[in-house]
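final.csv follows (CSV, C-alpha atoms):
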chain,number,residue,atom,x,y,z
K,1,MET,CA,-6.5,21.5,-61.4
K,2,THR,CA,-9.1,22.1,-64.0
K,3,LEU,CA,-9.8,25.5,-65.5
K,4,GLU,CA,-12.7,24.2,-67.6
K,5,GLY,CA,-15.1,27.1,-68.5
K,6,LYS,CA,-12.7,29.8,-67.2
K,7,VAL,CA,-11.3,32.7,-69.1
K,8,ALA,CA,-7.7,33.7,-68.5
K,9,LEU,CA,-5.6,36.6,-69.8
K,10,ILE,CA,-1.8,36.0,-69.7
K,11,THR,CA,0.4,39.0,-70.5
K,12,GLY,CA,3.7,38.4,-72.3
K,13,SER,CA,2.5,34.9,-73.3
K,14,THR,CA,4.1,34.2,-76.7
K,15,ARG,CA,7.3,32.9,-75.2
K,16,GLY,CA,9.1,31.8,-72.0
K,17,ILE,CA,7.1,31.5,-68.8
K,18,GLY,CA,4.0,33.1,-70.3
K,19,TRP,CA,3.9,30.7,-73.2
K,20,ALA,CA,4.4,27.7,-70.9
K,21,THR,CA,1.6,29.0,-68.7
K,22,ALA,CA,-0.7,29.5,-71.7
K,23,GLN,CA,-0.1,25.8,-72.6
K,24,ALA,CA,-0.6,24.6,-69.1
K,25,PHE,CA,-3.9,26.5,-68.8
K,26,ALA,CA,-5.1,25.3,-72.3
K,27,LYS,CA,-4.4,21.7,-71.3
K,28,GLU,CA,-6.8,22.2,-68.4
K,29,GLY,CA,-9.6,23.4,-70.7
K,30,CYS,CA,-9.2,27.1,-70.1
K,31,THR,CA,-10.1,29.8,-72.7
K,32,VAL,CA,-6.8,31.5,-73.1
K,33,LEU,CA,-6.2,35.1,-74.1
K,34,LEU,CA,-2.7,35.7,-75.2
K,35,ASN,CA,-0.7,39.0,-75.2
K,36,GLY,CA,2.5,39.9,-76.9
K,37,GLN,CA,3.9,42.9,-78.7
K,38,ALA,CA,6.3,41.6,-81.3
K,39,SER,CA,3.7,41.6,-84.1
K,40,PRO,CA,0.0,40.8,-84.5
K,41,GLN,CA,1.0,37.9,-86.7
K,42,SER,CA,3.2,36.3,-84.1
K,43,VAL,CA,0.5,36.6,-81.5
K,44,ASP,CA,-2.1,35.2,-83.8
K,45,ASP,CA,0.2,32.3,-84.8
K,46,ARG,CA,0.6,31.4,-81.1
K,47,ALA,CA,-3.2,31.6,-80.6
K,48,ALA,CA,-3.8,29.3,-83.6
K,49,GLU,CA,-1.2,26.9,-82.1
K,50,ILE,CA,-3.1,26.7,-78.8
K,51,ARG,CA,-6.4,26.2,-80.6
K,52,ASP,CA,-5.0,23.4,-82.8
K,53,ARG,CA,-3.1,21.6,-80.0
K,54,PHE,CA,-5.6,21.8,-77.2
K,55,GLY,CA,-9.0,22.5,-78.8
K,56,VAL,CA,-9.8,25.4,-76.6
K,57,PRO,CA,-10.9,28.9,-77.6
K,58,CYS,CA,-7.8,31.2,-77.8
K,59,ARG,CA,-7.5,34.8,-78.9
K,60,GLY,CA,-4.4,37.0,-79.2
K,61,PHE,CA,-4.0,40.7,-78.3
K,62,CYS,CA,-1.0,42.5,-79.6
K,63,TYR,CA,-0.1,45.5,-77.4
K,64,ASN,CA,2.5,47.0,-75.1
K,65,VAL,CA,1.3,46.3,-71.5
K,66,SER,CA,2.1,49.9,-70.4
K,67,ASN,CA,-0.1,51.4,-73.1
K,68,THR,CA,-3.1,52.6,-71.2
K,69,SER,CA,-5.5,52.9,-74.1
K,70,ALA,CA,-4.5,49.5,-75.4
K,71,VAL,CA,-5.0,47.9,-72.1
K,72,LYS,CA,-8.5,49.5,-71.8
K,73,SER,CA,-9.3,48.3,-75.3
K,74,CYS,CA,-8.2,44.8,-74.5
K,75,PHE,CA,-10.5,44.6,-71.4
K,76,SER,CA,-13.3,46.2,-73.3
K,77,THR,CA,-13.0,43.5,-75.9
K,78,ILE,CA,-12.9,40.8,-73.2
K,79,PHE,CA,-16.1,42.2,-71.7
K,80,LYS,CA,-17.9,42.3,-75.0
K,81,GLU,CA,-16.8,38.9,-76.2
K,82,PHE,CA,-16.6,36.8,-73.1
K,83,ARG,CA,-18.5,38.9,-70.4
K,84,ARG,CA,-16.1,37.6,-67.8
K,85,LEU,CA,-12.5,37.2,-66.7
K,86,ASP,CA,-11.5,34.5,-64.2
K,87,VAL,CA,-7.8,34.6,-64.2
K,88,LEU,CA,-5.2,37.3,-64.9
K,89,VAL,CA,-1.5,36.4,-65.1
K,90,ASN,CA,0.7,39.5,-65.0
K,91,ASN,CA,3.7,38.0,-66.6
K,92,ALA,CA,5.1,40.5,-69.2
K,93,GLY,CA,8.3,42.1,-68.1
K,94,ILE,CA,11.8,43.2,-69.0
K,95,MET,CA,15.1,42.9,-67.3
K,96,GLU,CA,17.7,45.6,-67.7
K,97,ASP,CA,20.9,45.0,-65.8
K,98,SER,CA,23.2,47.9,-64.9
K,99,LEU,CA,25.2,49.1,-61.9
K,100,LEU,CA,23.4,51.8,-59.9
K,101,GLY,CA,25.6,54.6,-61.1
K,102,MET,CA,25.1,53.7,-64.8
K,103,ILE,CA,21.3,53.4,-65.1
K,104,PRO,CA,20.1,56.0,-67.6
K,105,GLU,CA,16.8,57.7,-66.7
K,106,ALA,CA,15.2,56.4,-69.9
K,107,MET,CA,16.0,52.8,-68.9
K,108,MET,CA,14.4,53.5,-65.4
K,109,ARG,CA,11.2,54.8,-67.0
K,110,LYS,CA,10.9,52.0,-69.4
K,111,SER,CA,11.4,49.3,-66.8
K,112,LEU,CA,9.0,51.0,-64.4
K,113,GLU,CA,6.4,51.4,-67.2
K,114,VAL,CA,6.5,47.8,-68.4
K,115,ASN,CA,7.2,46.0,-65.0
K,116,VAL,CA,5.1,48.2,-62.7
K,117,LEU,CA,2.6,50.4,-64.5
K,118,GLY,CA,1.6,47.6,-66.9
K,119,PRO,CA,0.7,45.1,-64.2
K,120,LEU,CA,-1.0,47.8,-62.2
K,121,LEU,CA,-3.2,48.8,-65.2
K,122,HIS,CA,-4.1,45.2,-65.7
K,123,LEU,CA,-4.8,44.6,-62.0
K,124,GLN,CA,-7.1,47.6,-62.0
K,125,GLU,CA,-9.1,46.5,-65.0
K,126,ALA,CA,-9.2,42.8,-64.1
K,127,ALA,CA,-10.4,43.5,-60.6
K,128,ARG,CA,-13.4,45.3,-61.9
K,129,LEU,CA,-14.3,42.6,-64.4
K,130,MET,CA,-13.8,39.9,-61.8
K,131,GLY,CA,-15.7,41.8,-59.2
K,132,ARG,CA,-18.9,41.4,-61.3
K,133,ASN,CA,-18.8,37.6,-60.6
K,134,ARG,CA,-17.3,38.1,-57.1
K,135,ALA,CA,-14.6,35.6,-58.0
K,136,GLY,CA,-11.2,35.6,-59.7
K,137,SER,CA,-7.5,34.9,-59.3
K,138,ILE,CA,-4.6,37.2,-60.2
K,139,VAL,CA,-1.1,35.9,-60.3
K,140,ASN,CA,1.8,38.3,-60.5
K,141,LEU,CA,5.2,37.2,-61.8
K,142,SER,CA,7.8,38.8,-59.6
K,143,SER,CA,11.3,37.5,-59.2
K,144,ILE,CA,13.6,36.2,-56.5
K,145,ILE,CA,15.6,39.3,-57.2
K,146,GLY,CA,12.6,41.5,-56.2
K,147,ASP,CA,12.5,39.7,-52.8
K,148,LYS,CA,16.2,39.2,-52.1
K,149,GLY,CA,18.0,41.9,-54.2
K,150,LYS,CA,21.1,41.5,-56.2
K,151,ALA,CA,24.1,43.7,-57.1
K,152,GLY,CA,23.8,45.1,-60.6
K,153,GLN,CA,20.0,44.7,-60.6
K,154,VAL,CA,18.8,47.7,-58.5
K,155,LEU,CA,16.4,48.7,-61.2
K,156,TYR,CA,15.0,45.3,-62.0
K,157,SER,CA,14.7,44.4,-58.3
K,158,SER,CA,12.9,47.7,-57.6
K,159,THR,CA,10.3,46.9,-60.2
K,160,LYS,CA,9.8,43.3,-59.0
K,161,ALA,CA,9.7,44.3,-55.4
K,162,ALA,CA,6.9,46.7,-56.3
K,163,MET,CA,4.9,43.7,-57.6
K,164,LEU,CA,5.2,42.1,-54.2
K,165,GLY,CA,3.7,45.2,-52.5
K,166,MET,CA,1.1,45.4,-55.2
K,167,THR,CA,0.2,41.7,-54.6
K,168,ARG,CA,-0.1,42.0,-50.8
K,169,SER,CA,-2.1,45.2,-50.8
K,170,ALA,CA,-4.4,44.1,-53.6
K,171,ALA,CA,-5.0,40.8,-51.9
K,172,LYS,CA,-6.2,42.6,-48.8
K,173,GLU,CA,-8.4,45.1,-50.8
K,174,LEU,CA,-9.9,42.4,-53.1
K,175,ALA,CA,-10.5,39.5,-50.7
K,176,PRO,CA,-14.0,40.7,-49.7
K,177,LYS,CA,-14.9,40.6,-53.4
K,178,GLY,CA,-13.8,37.0,-53.7
K,179,ILE,CA,-10.7,37.9,-55.8
K,180,ARG,CA,-7.4,36.3,-54.8
K,181,VAL,CA,-4.0,37.9,-55.6
K,182,ASN,CA,-0.8,36.0,-55.3
K,183,ALA,CA,2.8,36.3,-56.6
K,184,VAL,CA,5.4,33.9,-57.8
K,185,THR,CA,9.1,34.6,-57.5
K,186,PRO,CA,11.0,32.5,-60.0
K,187,GLY,CA,14.7,32.0,-59.6
K,188,LEU,CA,17.0,31.2,-62.5
K,189,ILE,CA,14.7,30.1,-65.3
K,190,GLN,CA,15.7,29.1,-68.9
K,191,THR,CA,14.1,32.0,-70.8
K,192,ASP,CA,15.1,34.7,-73.3
K,193,LEU,CA,16.0,36.9,-70.3
K,194,LEU,CA,19.0,34.7,-69.7
K,195,LYS,CA,20.3,34.6,-73.3
K,196,ASP,CA,22.6,37.5,-72.8
K,197,LEU,CA,24.0,36.3,-69.5
K,198,PRO,CA,27.8,35.8,-69.7
K,199,GLU,CA,29.0,32.2,-69.2
K,200,HIS,CA,30.8,32.9,-66.0
K,201,LYS,CA,27.7,34.6,-64.5
K,202,LEU,CA,25.6,31.6,-65.5
K,203,THR,CA,28.0,29.2,-63.8
K,204,GLU,CA,28.1,31.4,-60.7
K,205,ALA,CA,24.3,31.5,-60.6
K,206,LEU,CA,23.9,27.7,-61.1
K,207,SER,CA,26.3,27.1,-58.2
K,208,ALA,CA,23.9,28.9,-55.9
K,209,ILE,CA,21.0,26.6,-56.7
K,210,GLY,CA,20.5,23.8,-54.3
K,211,MET,CA,19.0,21.6,-57.0
K,212,GLY,CA,21.9,22.3,-59.3
K,213,ARG,CA,20.0,23.3,-62.4
K,214,ALA,CA,18.2,26.2,-63.9
K,215,GLY,CA,14.4,25.9,-63.9
K,216,GLU,CA,12.3,25.4,-66.9
K,217,PRO,CA,9.4,27.7,-67.8
K,218,ALA,CA,7.0,24.7,-67.2
K,219,ASP,CA,8.3,24.5,-63.6
K,220,VAL,CA,6.9,28.0,-63.0
K,221,ALA,CA,3.8,27.4,-65.1
K,222,ARG,CA,2.7,24.6,-62.9
K,223,VAL,CA,2.8,26.8,-59.9
K,224,VAL,CA,0.9,29.6,-61.7
K,225,LEU,CA,-1.7,27.0,-62.6
K,226,PHE,CA,-2.0,26.0,-59.0
K,227,LEU,CA,-2.6,29.6,-57.9
K,228,ALA,CA,-5.0,30.2,-60.8
K,229,SER,CA,-7.1,27.2,-60.0
K,230,ASP,CA,-9.6,26.4,-57.3
K,231,ALA,CA,-6.9,24.1,-55.8
K,232,SER,CA,-5.7,27.3,-54.1
K,233,SER,CA,-9.1,28.7,-53.3
K,234,TYR,CA,-8.1,29.7,-49.8
K,235,VAL,CA,-4.7,31.2,-50.7
K,236,THR,CA,-4.3,34.9,-51.2
K,237,GLY,CA,-1.6,37.5,-50.5
K,238,GLN,CA,1.1,34.9,-50.7
K,239,VAL,CA,4.5,34.9,-52.5
K,240,LEU,CA,5.6,31.5,-53.7
K,241,GLY,CA,9.2,30.9,-54.6
K,242,VAL,CA,10.0,28.7,-57.6
K,243,ASP,CA,13.8,28.6,-57.5
K,244,GLY,CA,15.1,25.1,-56.8
K,245,GLY,CA,16.6,26.2,-53.5
K,246,MET,CA,18.4,29.2,-54.8
K,247,THR,CA,20.3,31.4,-52.4
K,248,ILE,CA,21.5,34.8,-53.4
G,1,MET,CA,-42.6,49.8,-66.6
G,2,THR,CA,-39.1,50.3,-65.2
G,3,THR,CA,-37.2,53.0,-67.0
G,4,GLY,CA,-33.4,53.3,-67.3
G,5,LEU,CA,-33.6,56.2,-64.9
G,6,ASP,CA,-35.4,54.0,-62.4
G,7,ARG,CA,-32.6,51.4,-62.7
G,8,LEU,CA,-29.9,54.1,-62.2
G,9,LYS,CA,-31.7,55.3,-59.1
G,10,ASN,CA,-32.0,51.8,-57.8
G,11,ALA,CA,-28.3,51.3,-58.2
G,12,PHE,CA,-27.8,54.3,-56.0
G,13,VAL,CA,-30.3,53.0,-53.5
G,14,GLU,CA,-28.6,49.6,-53.3
G,15,ALA,CA,-25.0,50.9,-53.2
G,16,LEU,CA,-25.5,53.9,-50.8
G,17,GLY,CA,-28.3,52.6,-48.7
G,18,ILE,CA,-30.4,55.7,-49.3
G,19,SER,CA,-34.2,56.0,-49.5
G,20,PRO,CA,-35.9,55.4,-52.9
G,21,ASN,CA,-37.5,58.8,-52.2
G,22,ALA,CA,-34.1,60.6,-51.8
G,23,ALA,CA,-33.4,63.9,-53.6
G,24,PHE,CA,-31.3,62.2,-56.2
G,25,ASP,CA,-30.1,65.3,-57.9
G,26,ASP,CA,-28.5,66.5,-54.7
G,27,LEU,CA,-26.4,63.3,-54.2
G,28,GLU,CA,-22.7,64.1,-54.2
G,29,TYR,CA,-19.6,61.9,-53.7
G,30,ALA,CA,-18.0,62.5,-50.3
G,31,ARG,CA,-20.7,64.9,-49.2
G,32,THR,CA,-23.7,62.6,-49.2
G,33,PRO,CA,-23.5,60.4,-46.0
G,34,GLY,CA,-22.5,56.9,-46.9
G,35,TRP,CA,-21.1,57.8,-50.4
G,36,ASP,CA,-17.4,57.1,-49.6
G,37,SER,CA,-14.8,55.4,-51.7
G,38,VAL,CA,-15.9,51.9,-50.7
G,39,ALA,CA,-19.5,52.7,-51.5
G,40,HIS,CA,-18.4,54.3,-54.7
G,41,MET,CA,-16.9,51.1,-56.0
G,42,LYS,CA,-20.1,49.3,-55.0
G,43,LEU,CA,-22.1,51.8,-56.9
G,44,ILE,CA,-20.0,51.3,-60.0
G,45,ALA,CA,-20.6,47.6,-59.8
G,46,GLU,CA,-24.3,48.1,-59.3
G,47,ILE,CA,-24.5,50.5,-62.3
G,48,GLU,CA,-22.4,48.1,-64.5
G,49,SER,CA,-24.7,45.2,-63.6
G,50,ALA,CA,-27.9,47.2,-64.1
G,51,PHE,CA,-27.0,48.2,-67.6
G,52,ASP,CA,-24.5,45.5,-68.6
G,53,ILE,CA,-21.8,47.9,-69.4
G,54,MET,CA,-18.1,48.3,-68.4
G,55,LEU,CA,-17.3,51.9,-67.3
G,56,ASP,CA,-13.9,53.4,-68.2
G,57,THR,CA,-11.7,54.1,-65.2
G,58,ASP,CA,-11.8,57.8,-66.0
G,59,ASP,CA,-15.6,57.7,-65.8
G,60,VAL,CA,-15.4,55.8,-62.5
G,61,ILE,CA,-13.3,58.6,-61.1
G,62,ASP,CA,-15.4,61.4,-62.6
G,63,MET,CA,-18.7,60.1,-61.4
G,64,SER,CA,-19.1,62.6,-58.5
G,65,SER,CA,-22.8,63.2,-58.4
G,66,PHE,CA,-26.1,61.8,-59.6
G,67,PRO,CA,-26.5,64.3,-62.5
G,68,ILE,CA,-23.0,63.4,-63.7
G,69,ALA,CA,-23.8,59.7,-63.4
G,70,ARG,CA,-26.7,60.2,-65.7
G,71,LYS,CA,-24.5,61.9,-68.3
G,72,ILE,CA,-21.8,59.2,-68.0
G,73,VAL,CA,-24.2,56.3,-68.3
G,74,ALA,CA,-25.9,57.9,-71.3
G,75,LYS,CA,-22.5,58.0,-73.1
G,76,TYR,CA,-22.6,54.2,-73.1
G,77,GLY,CA,-25.7,54.1,-75.2
G,78,VAL,CA,-28.0,53.6,-72.3
G,79,SER,CA,-31.5,55.1,-72.6
G,80,LEU,CA,-32.6,56.7,-69.3
G,81,ASP,CA,-36.2,57.3,-70.5
Please re-express this file's structure in structure tokens.
Amino acid sequence: MTLEGKVALITGSTRGIGWATAQAFAKEGCTVLLNGQASPQSVDDRAAEIRDRFGVPCRGFCYNVSNTSAVKSCFSTIFKEFRRLDVLVNNAGIMEDSLLGMIPEAMMRKSLEVNVLGPLLHLQEAARLMGRNRAGSIVNLSSIIGDKGKAGQVLYSSTKAAMLGMTRSAAKELAPKGIRVNAVTPGLIQTDLLKDLPEHKLTEALSAIGMGRAGEPADVARVVLFLASDASSYVTGQVLGVDGGMTI
Amino acid sequence: MTTGLDRLKNAFVEALGISPNAAFDDLEYARTPGWDSVAHMKLIAEIESAFDIMLDTDDVIDMSSFPIARKIVAKYGVSLD
């Protein structure tokens, strides 16, 4: 599943699933463009790590994915420096848990901005850049929660369900331009999003997984790699679960 | 010699399927037959390719006539002479 000669932007790629995806792409010869928002230094350090370990070009962009001018600036730079974009992975996201009656409006707006507006802005810009070459692959990281729902996660599931609609509609609109759009719905994955999960909740979640374990970021990254590569050249508008047989 | 203005006109001809002899200054989005939203995105792609630029989304939305297209393209440092 080579990505030799291709240029990929992965949002939220300094840790977790995004970081695993960046490494999987770099291993396949891809020019990797990282994004994170913690600090320019942390993003640059990760980019240097990719260059050193895999010997591929890698550049970091430090910005919040819902900052419109920052997103435009990022794509403008990609156009100037690389003249192309072959793959976009909309991975950056936040998970705010709260019972329906206790979700503050500010939390709603923040989640919608990061998990919906951000991916939409990137989708819009990427589609135009990819359209120039009449080829490209966009992979949206949704969640099993966005597909199946879960008590206490009305807000998170709303944003992740939005990504599924975004994926299916964009796939239909962009197919004539040779651009594929697919989504991945990870189940319980060992990332920072899980670090605050109470022990009893984790045990309960694990008991609902057929394979009896939480997934690793690399488990998801391999599926993203498949959807990004030409191995899935006739696949678009699909939602692929990576959940070890999880039922919720 | 082909000028920048010629290339802009050609982008409209290719995207909208109009005659090279059309009254370009009269072309308007949604009023000129064939210039619908689908053709508009094709037009944007033609213009971007012709001048090797990437238009801002706000400019994509604002490009509602040929005269406005001239002004927008000029903003990107393109000479239309």
For Glu216 of chain K, which residue among K:Arg84, K:Pro176, K:Arg132, K:Ala20 is the nearest when counting all atoms listed in the file?
->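 Closest to Glu216 of chain K, using all atoms listed in the file: K:Ala20.
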Residues of chain K that have any atom at most 9 Å from an atom of chain G: could you tabulate them with the shortest-distance atom pair and the distance in Å to one decimal, using all atoms listed in the file, ordered by chain and increasing number, as JSON lines?
{"residue": "K:Lys72", "atom": "CA", "partner": "G:Asp56", "partner_atom": "CA", "distance": 7.6}
{"residue": "K:Phe75", "atom": "CA", "partner": "G:Met54", "partner_atom": "CA", "distance": 9.0}
{"residue": "K:Ser76", "atom": "CA", "partner": "G:Met54", "partner_atom": "CA", "distance": 7.2}
{"residue": "K:Phe79", "atom": "CA", "partner": "G:Met54", "partner_atom": "CA", "distance": 7.2}
{"residue": "K:Lys80", "atom": "CA", "partner": "G:Ile53", "partner_atom": "CA", "distance": 8.8}
{"residue": "K:Gln124", "atom": "CA", "partner": "G:Thr57", "partner_atom": "CA", "distance": 8.6}
{"residue": "K:Glu125", "atom": "CA", "partner": "G:Thr57", "partner_atom": "CA", "distance": 8.0}
{"residue": "K:Arg128", "atom": "CA", "partner": "G:Ala45", "partner_atom": "CA", "distance": 7.8}
{"residue": "K:Leu129", "atom": "CA", "partner": "G:Met54", "partner_atom": "CA", "distance": 7.9}
{"residue": "K:Gly131", "atom": "CA", "partner": "G:Ala45", "partner_atom": "CA", "distance": 7.6}
{"residue": "K:Arg132", "atom": "CA", "partner": "G:Ala45", "partner_atom": "CA", "distance": 6.6}
Could you please determine the separation between atom CA of Ser207 of chain K and atom CA of Gln190 of chain K in Å, to one decimal place?
->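 Distance reported for this atom pair: 15.2 Å.
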Compile the contact shell of Asp26 of chain G as a list in words: residues with an atom at most 9 Å away, counting all atoms listed in the file, same-chain residues fewer than 5 positions apart removed.
-> Thr32, Ser65, Phe66 and Pro67 of chain G
Please save C-alpha atoms of the selected residues as a PDB file, in the frame of the given file.
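Ended up saving to selection.pdb:
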ATOM      1  CA  THR G  32     -23.700  62.600 -49.200  1.00  0.00           C
ATOM      2  CA  SER G  65     -22.800  63.200 -58.400  1.00  0.00           C
ATOM      3  CA  PHE G  66     -26.100  61.800 -59.600  1.00  0.00           C
ATOM      4  CA  PRO G  67     -26.500  64.300 -62.500  1.00  0.00           C
TER       5      PRO G  67
END
Atom CA of Gly178 of chain K and atom CA of Val32 of chain K are how many Å apart?
->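 Interatomic distance here is 21.3 Å.
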What's the 8 Å shell around segment 140-148 of chain K, counting all atoms listed in the file, without same-chain residues fewer than 3 positions away, as a list in words?
->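 Listed by chain and then number, they are Val89, Asn90, Asn91, Pro119, Gln153, Tyr156, Ser157, Ser158, Thr159, Lys160, Ala161, Ala162, Met163, Leu164, Thr167, Val181, Asn182, Ala183, Val184, Thr185, Pro186, Gly187, Gly241, Asp243 and Ile248 of chain K.
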Could the residues in this selection be written to a file with C-alpha atoms, as a PDB file, in the frame of the given file?
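Saved the output as part.pdb:
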ATOM      1  CA  VAL K  89      -1.500  36.400 -65.100  1.00  0.00           C
ATOM      2  CA  ASN K  90       0.700  39.500 -65.000  1.00  0.00           C
ATOM      3  CA  ASN K  91       3.700  38.000 -66.600  1.00  0.00           C
ATOM      4  CA  PRO K 119       0.700  45.100 -64.200  1.00  0.00           C
ATOM      5  CA  GLN K 153      20.000  44.700 -60.600  1.00  0.00           C
ATOM      6  CA  TYR K 156      15.000  45.300 -62.000  1.00  0.00           C
ATOM      7  CA  SER K 157      14.700  44.400 -58.300  1.00  0.00           C
ATOM      8  CA  SER K 158      12.900  47.700 -57.600  1.00  0.00           C
ATOM      9  CA  THR K 159      10.300  46.900 -60.200  1.00  0.00           C
ATOM     10  CA  LYS K 160       9.800  43.300 -59.000  1.00  0.00           C
ATOM     11  CA  ALA K 161       9.700  44.300 -55.400  1.00  0.00           C
ATOM     12  CA  ALA K 162       6.900  46.700 -56.300  1.00  0.00           C
ATOM     13  CA  MET K 163       4.900  43.700 -57.600  1.00  0.00           C
ATOM     14  CA  LEU K 164       5.200  42.100 -54.200  1.00  0.00           C
ATOM     15  CA  THR K 167       0.200  41.700 -54.600  1.00  0.00           C
ATOM     16  CA  VAL K 181      -4.000  37.900 -55.600  1.00  0.00           C
ATOM     17  CA  ASN K 182      -0.800  36.000 -55.300  1.00  0.00           C
ATOM     18  CA  ALA K 183       2.800  36.300 -56.600  1.00  0.00           C
ATOM     19  CA  VAL K 184       5.400  33.900 -57.800  1.00  0.00           C
ATOM     20  CA  THR K 185       9.100  34.600 -57.500  1.00  0.00           C
ATOM     21  CA  PRO K 186      11.000  32.500 -60.000  1.00  0.00           C
ATOM     22  CA  GLY K 187      14.700  32.000 -59.600  1.00  0.00           C
ATOM     23  CA  GLY K 241       9.200  30.900 -54.600  1.00  0.00           C
ATOM     24  CA  ASP K 243      13.800  28.600 -57.500  1.00  0.00           C
ATOM     25  CA  ILE K 248      21.500  34.800 -53.400  1.00  0.00           C
TER      26      ILE K 248
END
Rounded to one decimal in Å, what is the spacing between atom CA of Ala30 of chain G and atom CA of Ala171 of chain K?
->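 Pair atom CA of Ala30 of chain G / atom CA of Ala171 of chain K returns 25.3 Å.
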For Glu28 of chain G, the nearest of the candidates G:Val73, G:Ala11, G:Ile47, G:Leu16, counting all atoms listed in the file | G:Leu16
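Nearest to Ala8 of chain K of all the residues K:Ala231, K:Ala126, K:Val239, K:Val43 is K:Ala126, counting all atoms listed in the file.
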How would you write as a ChimeraX atom specification the residues that get within 6 Å of (-3.7, 31.7, -72.9) in the file's frame, counting only C-alpha atoms?
-> /K:10,22,32-34
Skipping near chain neighbours, those fewer than 6 positions away, what residues fall within 10 Å of Leu193 of chain K using only C-alpha atoms, listed as a PyMOL selection string?
-> chain K and resi 16+93-96
Restricting the calculation to all atoms listed in the file, which member of K:Leu188, K:Met107, K:Val235, K:Leu202 is positioned closest to Asp219 of chain K?
-> K:Leu188
Residue nearest Gly118 of chain K - candidates K:Thr31, K:Ser66, K:Ser232, K:Gln23, atoms counted: all atoms listed in the file |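 Using all atoms listed in the file, the shortest distance to Gly118 of chain K belongs to K:Ser66.
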